[in-house]
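Asks: Hey, dropping target_9.pdb in here, PDB, C-alpha atoms, pLDDT in the B column:
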```pdb
ATOM      1  CA  MET H   1       0.102  11.903  22.579  1.00 41.00           C
ATOM      2  CA  LYS H   2       1.976  14.410  24.693  1.00 41.00           C
ATOM      3  CA  ALA H   3       3.860  17.155  22.965  1.00 41.00           C
ATOM      4  CA  GLY H   4       7.608  17.063  23.422  1.00 40.00           C
ATOM      5  CA  ASN H   5      10.731  18.430  21.812  1.00 41.00           C
ATOM      6  CA  THR H   6      10.080  17.562  18.194  1.00 40.00           C
ATOM      7  CA  ARG H   7      13.306  19.158  17.011  1.00 47.00           C
ATOM      8  CA  SER H   8      15.368  16.286  18.395  1.00 47.00           C
ATOM      9  CA  TYR H   9      14.700  12.675  17.474  1.00 49.00           C
ATOM     10  CA  HIS H  10      16.612   9.448  17.114  1.00 48.00           C
ATOM     11  CA  HIS H  11      17.286   7.809  13.781  1.00 45.00           C
ATOM     12  CA  GLY H  12      14.215   5.885  12.675  1.00 57.00           C
ATOM     13  CA  ASP H  13      11.827   8.033  14.717  1.00 88.00           C
ATOM     14  CA  LEU H  14      11.057  10.595  12.014  1.00 92.00           C
ATOM     15  CA  ARG H  15       7.436   9.473  11.651  1.00 93.00           C
ATOM     16  CA  ALA H  16       6.888   9.829  15.410  1.00 94.00           C
ATOM     17  CA  ALA H  17       8.558  13.254  15.370  1.00 94.00           C
ATOM     18  CA  LEU H  18       6.340  14.397  12.514  1.00 96.00           C
ATOM     19  CA  LEU H  19       3.213  13.147  14.260  1.00 96.00           C
ATOM     20  CA  SER H  20       4.210  14.903  17.470  1.00 96.00           C
ATOM     21  CA  ALA H  21       4.861  18.131  15.579  1.00 96.00           C
ATOM     22  CA  GLY H  22       1.600  17.765  13.679  1.00 96.00           C
ATOM     23  CA  TYR H  23      -0.342  17.204  16.873  1.00 97.00           C
ATOM     24  CA  GLU H  24       1.157  20.337  18.404  1.00 97.00           C
ATOM     25  CA  LEU H  25       0.016  22.268  15.342  1.00 97.00           C
ATOM     26  CA  ALA H  26      -3.455  20.729  15.539  1.00 97.00           C
ATOM     27  CA  ARG H  27      -3.812  21.657  19.201  1.00 97.00           C
ATOM     28  CA  ASP H  28      -2.898  25.232  18.312  1.00 96.00           C
ATOM     29  CA  GLY H  29      -4.939  25.636  15.152  1.00 95.00           C
ATOM     30  CA  GLY H  30      -7.065  22.617  14.280  1.00 95.00           C
ATOM     31  CA  ALA H  31      -6.942  20.521  11.116  1.00 94.00           C
ATOM     32  CA  GLU H  32      -6.170  23.416   8.790  1.00 94.00           C
ATOM     33  CA  ALA H  33      -2.917  24.132  10.645  1.00 96.00           C
ATOM     34  CA  VAL H  34      -1.535  20.666   9.894  1.00 96.00           C
ATOM     35  CA  THR H  35       0.327  20.940   6.589  1.00 94.00           C
ATOM     36  CA  LEU H  36       3.452  19.099   5.505  1.00 93.00           C
ATOM     37  CA  ARG H  37       5.430  22.329   5.320  1.00 93.00           C
ATOM     38  CA  ALA H  38       4.416  23.569   8.758  1.00 95.00           C
ATOM     39  CA  THR H  39       4.899  20.137  10.323  1.00 95.00           C
ATOM     40  CA  THR H  40       8.361  19.575   8.889  1.00 94.00           C
ATOM     41  CA  ARG H  41       9.378  23.089   9.886  1.00 94.00           C
ATOM     42  CA  ARG H  42       8.328  22.413  13.475  1.00 95.00           C
ATOM     43  CA  ALA H  43      10.043  19.010  13.457  1.00 93.00           C
ATOM     44  CA  GLY H  44      13.204  20.589  12.115  1.00 93.00           C
ATOM     45  CA  VAL H  45      13.484  18.567   8.899  1.00 92.00           C
ATOM     46  CA  SER H  46      13.111  19.305   5.203  1.00 89.00           C
ATOM     47  CA  PRO H  47       9.662  19.000   3.575  1.00 87.00           C
ATOM     48  CA  ALA H  48      11.013  16.251   1.325  1.00 88.00           C
ATOM     49  CA  ALA H  49      11.739  14.087   4.376  1.00 86.00           C
ATOM     50  CA  ALA H  50       8.036  13.875   5.229  1.00 88.00           C
ATOM     51  CA  TYR H  51       7.193  12.149   1.954  1.00 88.00           C
ATOM     52  CA  ARG H  52       8.959   9.012   3.163  1.00 87.00           C
ATOM     53  CA  HIS H  53       6.084   8.601   5.601  1.00 92.00           C
ATOM     54  CA  PHE H  54       3.143  10.655   4.299  1.00 92.00           C
ATOM     55  CA  ALA H  55       2.195  10.949   0.642  1.00 90.00           C
ATOM     56  CA  SER H  56       0.135  14.095   1.187  1.00 91.00           C
ATOM     57  CA  HIS H  57      -0.903  16.528   3.873  1.00 89.00           C
ATOM     58  CA  GLU H  58      -4.296  14.786   3.973  1.00 91.00           C
ATOM     59  CA  GLU H  59      -2.550  11.547   4.922  1.00 93.00           C
ATOM     60  CA  LEU H  60      -0.633  13.397   7.636  1.00 95.00           C
ATOM     61  CA  GLN H  61      -3.853  14.962   8.912  1.00 95.00           C
ATOM     62  CA  LEU H  62      -5.512  11.551   9.104  1.00 94.00           C
ATOM     63  CA  ALA H  63      -2.643  10.166  11.168  1.00 95.00           C
ATOM     64  CA  VAL H  64      -2.636  13.172  13.489  1.00 96.00           C
ATOM     65  CA  GLY H  65      -6.411  13.028  13.734  1.00 96.00           C
ATOM     66  CA  ALA H  66      -6.221   9.390  14.795  1.00 95.00           C
ATOM     67  CA  LEU H  67      -4.017  10.441  17.718  1.00 96.00           C
ATOM     68  CA  ALA H  68      -6.606  13.023  18.684  1.00 97.00           C
ATOM     69  CA  ILE H  69      -9.436  10.473  18.510  1.00 96.00           C
ATOM     70  CA  ALA H  70      -7.448   8.178  20.805  1.00 97.00           C
ATOM     71  CA  ASP H  71      -7.039  11.072  23.253  1.00 98.00           C
ATOM     72  CA  LEU H  72     -10.792  11.674  23.027  1.00 98.00           C
ATOM     73  CA  ALA H  73     -11.291   8.026  23.999  1.00 98.00           C
ATOM     74  CA  ARG H  74      -8.990   8.523  27.000  1.00 98.00           C
ATOM     75  CA  SER H  75     -10.988  11.562  28.094  1.00 98.00           C
ATOM     76  CA  ILE H  76     -14.189   9.521  27.976  1.00 98.00           C
ATOM     77  CA  GLU H  77     -12.526   6.683  29.878  1.00 98.00           C
ATOM     78  CA  ALA H  78     -11.403   9.103  32.588  1.00 98.00           C
ATOM     79  CA  TYR H  79     -14.968  10.323  33.076  1.00 98.00           C
ATOM     80  CA  GLN H  80     -16.333   6.786  33.032  1.00 98.00           C
ATOM     81  CA  ALA H  81     -13.870   5.749  35.743  1.00 97.00           C
ATOM     82  CA  GLY H  82     -16.209   7.196  38.347  1.00 92.00           C
ATOM     83  CA  ALA H  83     -19.078   4.941  37.260  1.00 95.00           C
ATOM     84  CA  ASP H  84     -18.897   2.690  40.309  1.00 94.00           C
ATOM     85  CA  ASP H  85     -22.366   2.718  41.808  1.00 96.00           C
ATOM     86  CA  PRO H  86     -23.265  -0.730  43.194  1.00 97.00           C
ATOM     87  CA  VAL H  87     -26.680  -0.575  41.543  1.00 98.00           C
ATOM     88  CA  PRO H  88     -26.252  -1.803  37.941  1.00 97.00           C
ATOM     89  CA  ALA H  89     -28.893   0.515  36.500  1.00 97.00           C
ATOM     90  CA  VAL H  90     -27.322   3.565  38.128  1.00 97.00           C
ATOM     91  CA  ARG H  91     -23.847   2.470  37.076  1.00 97.00           C
ATOM     92  CA  ALA H  92     -24.978   2.031  33.471  1.00 97.00           C
ATOM     93  CA  ARG H  93     -26.446   5.518  33.492  1.00 98.00           C
ATOM     94  CA  GLN H  94     -23.188   6.881  34.905  1.00 98.00           C
ATOM     95  CA  ARG H  95     -21.234   5.213  32.101  1.00 98.00           C
ATOM     96  CA  LEU H  96     -23.347   6.869  29.418  1.00 98.00           C
ATOM     97  CA  VAL H  97     -23.114  10.226  31.186  1.00 98.00           C
ATOM     98  CA  GLY H  98     -19.333   9.733  31.269  1.00 98.00           C
ATOM     99  CA  VAL H  99     -19.270   9.390  27.491  1.00 98.00           C
ATOM    100  CA  GLY H 100     -21.010  12.732  27.013  1.00 98.00           C
ATOM    101  CA  GLU H 101     -19.103  14.602  29.697  1.00 98.00           C
ATOM    102  CA  GLY H 102     -15.743  13.214  28.565  1.00 98.00           C
ATOM    103  CA  TYR H 103     -16.527  14.159  24.969  1.00 98.00           C
ATOM    104  CA  ILE H 104     -17.405  17.743  25.849  1.00 98.00           C
ATOM    105  CA  ALA H 105     -14.475  18.107  28.255  1.00 98.00           C
ATOM    106  CA  PHE H 106     -12.020  17.021  25.570  1.00 98.00           C
ATOM    107  CA  ALA H 107     -13.459  19.583  23.151  1.00 98.00           C
ATOM    108  CA  LEU H 108     -13.239  22.392  25.695  1.00 98.00           C
ATOM    109  CA  ASP H 109      -9.783  21.389  26.945  1.00 98.00           C
ATOM    110  CA  SER H 110      -8.291  21.090  23.464  1.00 97.00           C
ATOM    111  CA  PRO H 111     -10.517  22.589  20.754  1.00 97.00           C
ATOM    112  CA  GLY H 112      -7.843  22.249  18.072  1.00 97.00           C
ATOM    113  CA  ALA H 113      -7.359  18.543  18.744  1.00 97.00           C
ATOM    114  CA  PHE H 114     -11.136  18.103  18.878  1.00 97.00           C
ATOM    115  CA  ASN H 115     -11.419  19.784  15.487  1.00 96.00           C
ATOM    116  CA  ILE H 116      -8.972  17.442  13.771  1.00 96.00           C
ATOM    117  CA  ALA H 117     -10.426  14.424  15.594  1.00 94.00           C
ATOM    118  CA  LEU H 118     -13.903  15.047  14.224  1.00 89.00           C
ATOM    119  CA  SER H 119     -13.049  16.804  10.973  1.00 83.00           C
ATOM    120  CA  GLY H 120     -14.488  15.935   7.590  1.00 74.00           C
ATOM    121  CA  LEU H 121     -11.462  13.740   6.863  1.00 75.00           C
ATOM    122  CA  PHE H 122     -12.886  10.800   8.746  1.00 84.00           C
ATOM    123  CA  THR H 123     -15.512   8.234   7.806  1.00 88.00           C
ATOM    124  CA  MET H 124     -17.173   5.624   9.992  1.00 89.00           C
ATOM    125  CA  GLU H 125     -14.390   3.117   9.319  1.00 84.00           C
ATOM    126  CA  TYR H 126     -12.317   5.143  11.791  1.00 84.00           C
ATOM    127  CA  ALA H 127     -14.938   4.501  14.458  1.00 91.00           C
ATOM    128  CA  PHE H 128     -13.318   1.084  14.858  1.00 94.00           C
ATOM    129  CA  ALA H 129      -9.688   1.719  13.841  1.00 94.00           C
ATOM    130  CA  PRO H 130      -7.045   0.351  16.262  1.00 95.00           C
ATOM    131  CA  ASP H 131      -5.033   3.582  16.252  1.00 94.00           C
ATOM    132  CA  THR H 132      -8.047   5.526  17.553  1.00 95.00           C
ATOM    133  CA  MET H 133      -8.511   3.373  20.669  1.00 97.00           C
ATOM    134  CA  GLY H 134      -8.019   4.488  24.243  1.00 98.00           C
ATOM    135  CA  GLU H 135      -6.499   2.592  27.152  1.00 98.00           C
ATOM    136  CA  THR H 136      -9.369   0.090  27.266  1.00 97.00           C
ATOM    137  CA  GLY H 137      -8.885  -0.860  23.637  1.00 98.00           C
ATOM    138  CA  ARG H 138     -12.130   0.841  22.643  1.00 98.00           C
ATOM    139  CA  THR H 139     -12.670   3.818  20.354  1.00 97.00           C
ATOM    140  CA  PRO H 140     -14.911   6.755  21.355  1.00 97.00           C
ATOM    141  CA  PHE H 141     -17.743   5.385  19.233  1.00 97.00           C
ATOM    142  CA  GLU H 142     -17.352   1.927  20.772  1.00 97.00           C
ATOM    143  CA  LEU H 143     -17.387   3.431  24.263  1.00 98.00           C
ATOM    144  CA  LEU H 144     -20.693   5.069  23.350  1.00 98.00           C
ATOM    145  CA  THR H 145     -22.237   1.942  21.870  1.00 98.00           C
ATOM    146  CA  ASP H 146     -20.961  -0.142  24.793  1.00 98.00           C
ATOM    147  CA  ALA H 147     -22.743   2.196  27.206  1.00 98.00           C
ATOM    148  CA  ILE H 148     -25.933   1.979  25.144  1.00 98.00           C
ATOM    149  CA  ALA H 149     -25.627  -1.825  25.065  1.00 98.00           C
ATOM    150  CA  ASP H 150     -25.395  -1.876  28.867  1.00 97.00           C
ATOM    151  CA  LEU H 151     -28.730  -0.077  29.073  1.00 98.00           C
ATOM    152  CA  VAL H 152     -30.273  -2.530  26.623  1.00 98.00           C
ATOM    153  CA  GLY H 153     -28.890  -5.490  28.564  1.00 98.00           C
ATOM    154  CA  LEU H 154     -30.482  -4.196  31.769  1.00 97.00           C
ATOM    155  CA  GLY H 155     -33.843  -3.670  30.083  1.00 97.00           C
ATOM    156  CA  LEU H 156     -33.619   0.112  30.444  1.00 97.00           C
ATOM    157  CA  LEU H 157     -33.688   0.668  26.700  1.00 97.00           C
ATOM    158  CA  SER H 158     -35.275  -1.450  23.990  1.00 96.00           C
ATOM    159  CA  ALA H 159     -32.890  -3.021  21.491  1.00 97.00           C
ATOM    160  CA  ASP H 160     -34.725  -1.489  18.538  1.00 96.00           C
ATOM    161  CA  ARG H 161     -33.956   1.991  19.902  1.00 96.00           C
ATOM    162  CA  ALA H 162     -30.243   1.412  20.455  1.00 97.00           C
ATOM    163  CA  GLU H 163     -28.918   2.654  17.106  1.00 96.00           C
ATOM    164  CA  LEU H 164     -31.052   5.806  17.121  1.00 97.00           C
ATOM    165  CA  ALA H 165     -30.112   6.411  20.750  1.00 97.00           C
ATOM    166  CA  ALA H 166     -26.404   6.280  19.894  1.00 97.00           C
ATOM    167  CA  ILE H 167     -26.817   8.709  16.981  1.00 96.00           C
ATOM    168  CA  THR H 168     -28.961  11.051  19.086  1.00 97.00           C
ATOM    169  CA  CYS H 169     -26.430  11.101  21.917  1.00 97.00           C
ATOM    170  CA  TRP H 170     -23.509  11.657  19.581  1.00 96.00           C
ATOM    171  CA  SER H 171     -25.274  14.379  17.603  1.00 96.00           C
ATOM    172  CA  THR H 172     -26.358  16.260  20.712  1.00 98.00           C
ATOM    173  CA  VAL H 173     -23.017  16.361  22.521  1.00 98.00           C
ATOM    174  CA  HIS H 174     -21.103  17.026  19.303  1.00 97.00           C
ATOM    175  CA  GLY H 175     -23.417  19.885  18.451  1.00 97.00           C
ATOM    176  CA  PHE H 176     -22.900  21.517  21.823  1.00 98.00           C
ATOM    177  CA  ALA H 177     -19.137  20.898  21.736  1.00 98.00           C
ATOM    178  CA  THR H 178     -18.917  22.502  18.300  1.00 97.00           C
ATOM    179  CA  LEU H 179     -20.962  25.541  19.344  1.00 97.00           C
ATOM    180  CA  ALA H 180     -18.773  25.894  22.425  1.00 98.00           C
ATOM    181  CA  THR H 181     -15.450  25.643  20.597  1.00 97.00           C
ATOM    182  CA  ARG H 182     -15.965  27.029  17.092  1.00 94.00           C
ATOM    183  CA  GLY H 183     -19.410  28.597  17.243  1.00 95.00           C
ATOM    184  CA  PRO H 184     -21.201  31.467  18.987  1.00 97.00           C
ATOM    185  CA  LEU H 185     -20.802  29.991  22.476  1.00 97.00           C
ATOM    186  CA  ARG H 186     -16.992  29.979  22.317  1.00 95.00           C
ATOM    187  CA  ALA H 187     -16.687  33.342  24.104  1.00 96.00           C
ATOM    188  CA  HIS H 188     -18.641  32.165  27.143  1.00 98.00           C
ATOM    189  CA  PRO H 189     -16.695  31.489  30.358  1.00 98.00           C
ATOM    190  CA  ARG H 190     -15.478  27.913  30.808  1.00 97.00           C
ATOM    191  CA  PRO H 191     -17.393  27.307  34.084  1.00 98.00           C
ATOM    192  CA  GLU H 192     -20.602  28.293  32.311  1.00 98.00           C
ATOM    193  CA  LEU H 193     -19.867  25.936  29.398  1.00 98.00           C
ATOM    194  CA  ASP H 194     -19.047  23.106  31.801  1.00 98.00           C
ATOM    195  CA  ALA H 195     -22.315  23.608  33.643  1.00 98.00           C
ATOM    196  CA  ARG H 196     -24.362  23.824  30.457  1.00 98.00           C
ATOM    197  CA  GLY H 197     -22.665  20.762  29.032  1.00 98.00           C
ATOM    198  CA  ALA H 198     -23.394  18.747  32.162  1.00 98.00           C
ATOM    199  CA  ARG H 199     -27.051  19.791  32.123  1.00 98.00           C
ATOM    200  CA  ILE H 200     -27.373  18.821  28.470  1.00 98.00           C
ATOM    201  CA  VAL H 201     -25.781  15.406  29.013  1.00 98.00           C
ATOM    202  CA  HIS H 202     -27.839  14.555  32.094  1.00 98.00           C
ATOM    203  CA  GLY H 203     -31.035  15.811  30.475  1.00 98.00           C
ATOM    204  CA  LEU H 204     -30.314  13.801  27.342  1.00 97.00           C
ATOM    205  CA  VAL H 205     -29.725  10.584  29.282  1.00 98.00           C
ATOM    206  CA  ASP H 206     -32.838  11.141  31.407  1.00 97.00           C
ATOM    207  CA  ALA H 207     -34.932  11.677  28.266  1.00 96.00           C
ATOM    208  CA  LEU H 208     -33.459   8.574  26.684  1.00 94.00           C
ATOM    209  CA  LEU H 209     -34.404   6.427  29.647  1.00 93.00           C
ATOM    210  CA  ARG H 210     -37.942   7.725  30.047  1.00 87.00           C
TER     211      ARG H 210
END
```
Please, can you express the file's structure as structure tokens?
Replies:
Amino acid sequence: MKAGNTRSYHHGDLRAALLSAGYELARDGGAEAVTLRATTRRAGVSPAAAYRHFASHEELQLAVGALAIADLARSIEAYQAGADDPVPAVRARQRLVGVGEGYIAFALDSPGAFNIALSGLFTMEYAFAPDTMGETGRTPFELLTDAIADLVGLGLLSADRAELAAITCWSTVHGFATLATRGPLRAHPRPELDARGARIVHGLVDALLR
């Protein structure tokens, strides 16, 4: 969701204005920055107005986080768009690499949005929620499991390893993304983080397919 002028909205669009304001706050400061008071102040309305749409700041954070997860899906989709090798096995590998690289790129491009997208607010039910889907109608988790399923379908990965493979991939890229955005690697130059992230993703996929 692109940030716009949240101080001006048409009648009936208050929820959208609050979500836009909340997402701006999240991009600047992560989940902890998204409070009802701060969001209504940025949207230019009274705090009481927000309660027509959100019963608590946790509910607001969940809604804003869903927007961020959908943007994460779009980042993955953008990286997967280059998976066009005519050889199915190579193309399947490219699709899985795209998941990891798109995930890390989103974290580095927008660490605050990444934080609220993968904060402790969410449970696995959000891995399939419609409001967390990208342009393809798939959530980030579904894009990952789809890529794993492609490998299984081509005989590159055994079906009994699919679930563990998905968890391993997710854990590895999330761990690096977290270290690079909120941990000790956050002060490293972006080109260095990009290069390290790419090496980790390619190495992970190679190890998975051996």
Asks: Can you list, as a PyMOL selection string, every protein, DNA or RNA residue that comes within 7 Å of segment 11-21 of chain H when you count all atoms listed in the file, leaving out same-chain residues fewer than 3 positions away?
Replies: chain H and resi 3+6+24-25+39-40+42-43+53+64
Asks: Residues within 12 Å of (-30.7, -2.7, 31.1), file coordinates, counting only C-alpha atoms: what are they? Give the list as a PDB file with C-alpha atoms, keeping the file's coordinate frame.
Replies:
```
ATOM      1  CA  VAL H  87     -26.680  -0.575  41.543  1.00 98.00           C
ATOM      2  CA  PRO H  88     -26.252  -1.803  37.941  1.00 97.00           C
ATOM      3  CA  ALA H  89     -28.893   0.515  36.500  1.00 97.00           C
ATOM      4  CA  VAL H  90     -27.322   3.565  38.128  1.00 97.00           C
ATOM      5  CA  ARG H  91     -23.847   2.470  37.076  1.00 97.00           C
ATOM      6  CA  ALA H  92     -24.978   2.031  33.471  1.00 97.00           C
ATOM      7  CA  ARG H  93     -26.446   5.518  33.492  1.00 98.00           C
ATOM      8  CA  ASP H 146     -20.961  -0.142  24.793  1.00 98.00           C
ATOM      9  CA  ALA H 147     -22.743   2.196  27.206  1.00 98.00           C
ATOM     10  CA  ILE H 148     -25.933   1.979  25.144  1.00 98.00           C
ATOM     11  CA  ALA H 149     -25.627  -1.825  25.065  1.00 98.00           C
ATOM     12  CA  ASP H 150     -25.395  -1.876  28.867  1.00 97.00           C
ATOM     13  CA  LEU H 151     -28.730  -0.077  29.073  1.00 98.00           C
ATOM     14  CA  VAL H 152     -30.273  -2.530  26.623  1.00 98.00           C
ATOM     15  CA  GLY H 153     -28.890  -5.490  28.564  1.00 98.00           C
ATOM     16  CA  LEU H 154     -30.482  -4.196  31.769  1.00 97.00           C
ATOM     17  CA  GLY H 155     -33.843  -3.670  30.083  1.00 97.00           C
ATOM     18  CA  LEU H 156     -33.619   0.112  30.444  1.00 97.00           C
ATOM     19  CA  LEU H 157     -33.688   0.668  26.700  1.00 97.00           C
ATOM     20  CA  SER H 158     -35.275  -1.450  23.990  1.00 96.00           C
ATOM     21  CA  ALA H 159     -32.890  -3.021  21.491  1.00 97.00           C
ATOM     22  CA  ALA H 162     -30.243   1.412  20.455  1.00 97.00           C
ATOM     23  CA  LEU H 209     -34.404   6.427  29.647  1.00 93.00           C
TER      24      LEU H 209
END
```
Asks: What is the distance between atom CA of Leu62 of chain H and atom CA of Ala105 of chain H, in Å to one decimal?
Replies: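 Here the two named atoms are 22.1 Å from each other.
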Asks: When distances are computed from only C-alpha atoms, which of H:Thr168, H:Thr181, H:Asn115, H:Thr132 shows the smallest separation from Ala63 of chain H?
Replies: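 Closest residue, counting only C-alpha atoms: H:Thr132.
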Asks: Tell me, in Å to one decimal, how far atom CA of Gly120 of chain H is from atom CA of Ala66 of chain H.
Replies: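 Atom-to-atom, atom CA of Gly120 of chain H and atom CA of Ala66 of chain H are spaced 12.8 Å apart.
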Asks: Would you translate the PyMOL selection byres ((chain H and resi 170-175) around 8) into the concrete set of residues it matches in this file, as a PyMOL selection string?
Replies: chain H and resi 100+103-104+166-169+176-179+197+200-201
Asks: Expressed in Å to a single decimal, how great is the separation between atom CA of Gly22 of chain H and atom CA of Gln80 of chain H?
Replies: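 A separation of 28.6 Å between them.
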Asks: Under the rule that only C-alpha atoms are counted, which of H:Phe106, H:Glu163, H:Asp71, H:Glu142 is the nearest residue to Ala129 of chain H?
Replies: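 Nearest candidate to Ala129 of chain H out of H:Phe106, H:Glu163, H:Asp71, H:Glu142: H:Glu142.
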Asks: Could you state which residues are captured by the PyMOL selection byres ((chain H and resi 83) around 8) in this file, as a ChimeraX atom specification?
Replies: /H:79-82,84-85,91-92,94-95,98
Asks: Using only C-alpha atoms, pick whichever of H:Pro47, H:Gly30, H:Pro189, H:Gly183 has the shortest atom-to-atom distance to Ala113 of chain H.
Replies: H:Gly30
Asks: Considering all atoms listed in the file, state which residue in the set H:Ser56, H:Ala70, H:Val99, H:Leu193 is at the smallest distance from Ala127 of chain H.
Replies: H:Ala70
Asks: Counting all atoms listed in the file, which of H:Val34, H:Ala26, H:Met124, H:Met133 gets nearest to Gly112 of chain H?
Replies: H:Ala26
Asks: For each of H:Ala207, H:Arg182, H:His188, H:Arg138, take the minimum atom-to-atom distance to Ala165 of chain H, counting all atoms listed in the file, then give the residue where this is smallest.
Replies: H:Ala207
Asks: Kindly complete segment 59-66 of chain H to all heavy atoms; the output should be written as a tab-separated table (two decimals), keeping the file's coordinate frame.
Replies:
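Result file is part.tsv:
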```tsv
chain	number	residue	atom	x	y	z
H	59	GLU	N	-2.97	12.77	4.24
H	59	GLU	CA	-2.55	11.55	4.92
H	59	GLU	C	-1.96	11.87	6.29
H	59	GLU	O	-2.20	11.16	7.28
H	59	GLU	CB	-1.53	10.80	4.05
H	59	GLU	CG	-1.20	9.40	4.56
H	59	GLU	CD	-0.31	8.64	3.59
H	59	GLU	OE1	-0.68	8.56	2.39
H	59	GLU	OE2	0.74	8.15	4.03
H	60	LEU	N	-1.19	12.94	6.35
H	60	LEU	CA	-0.63	13.40	7.64
H	60	LEU	C	-1.76	13.80	8.58
H	60	LEU	O	-1.76	13.43	9.77
H	60	LEU	CB	0.31	14.57	7.41
H	60	LEU	CG	0.84	15.28	8.66
H	60	LEU	CD1	1.68	14.33	9.51
H	60	LEU	CD2	1.65	16.52	8.27
H	61	GLN	N	-2.73	14.54	8.08
H	61	GLN	CA	-3.85	14.96	8.91
H	61	GLN	C	-4.63	13.77	9.46
H	61	GLN	O	-5.07	13.78	10.61
H	61	GLN	CB	-4.78	15.88	8.11
H	61	GLN	CG	-4.21	17.27	7.86
H	61	GLN	CD	-5.12	18.11	7.00
H	61	GLN	OE1	-5.92	17.60	6.21
H	61	GLN	NE2	-5.02	19.42	7.13
H	62	LEU	N	-4.81	12.75	8.64
H	62	LEU	CA	-5.51	11.55	9.10
H	62	LEU	C	-4.76	10.90	10.25
H	62	LEU	O	-5.36	10.47	11.25
H	62	LEU	CB	-5.69	10.56	7.95
H	62	LEU	CG	-6.80	10.86	6.96
H	62	LEU	CD1	-6.69	9.94	5.75
H	62	LEU	CD2	-8.17	10.70	7.62
H	63	ALA	N	-3.44	10.81	10.12
H	63	ALA	CA	-2.64	10.17	11.17
H	63	ALA	C	-2.66	10.99	12.45
H	63	ALA	O	-2.78	10.44	13.55
H	63	ALA	CB	-1.21	9.97	10.68
H	64	VAL	N	-2.57	12.31	12.31
H	64	VAL	CA	-2.64	13.17	13.49
H	64	VAL	C	-4.03	13.12	14.10
H	64	VAL	O	-4.20	13.06	15.32
H	64	VAL	CB	-2.26	14.62	13.12
H	64	VAL	CG1	-2.53	15.57	14.29
H	64	VAL	CG2	-0.79	14.70	12.71
H	65	GLY	N	-5.05	13.11	13.24
H	65	GLY	CA	-6.41	13.03	13.73
H	65	GLY	C	-6.68	11.75	14.50
H	65	GLY	O	-7.43	11.75	15.48
H	66	ALA	N	-6.06	10.65	14.08
H	66	ALA	CA	-6.22	9.39	14.80
H	66	ALA	C	-5.68	9.50	16.21
H	66	ALA	O	-6.26	8.96	17.16
H	66	ALA	CB	-5.52	8.26	14.04
```
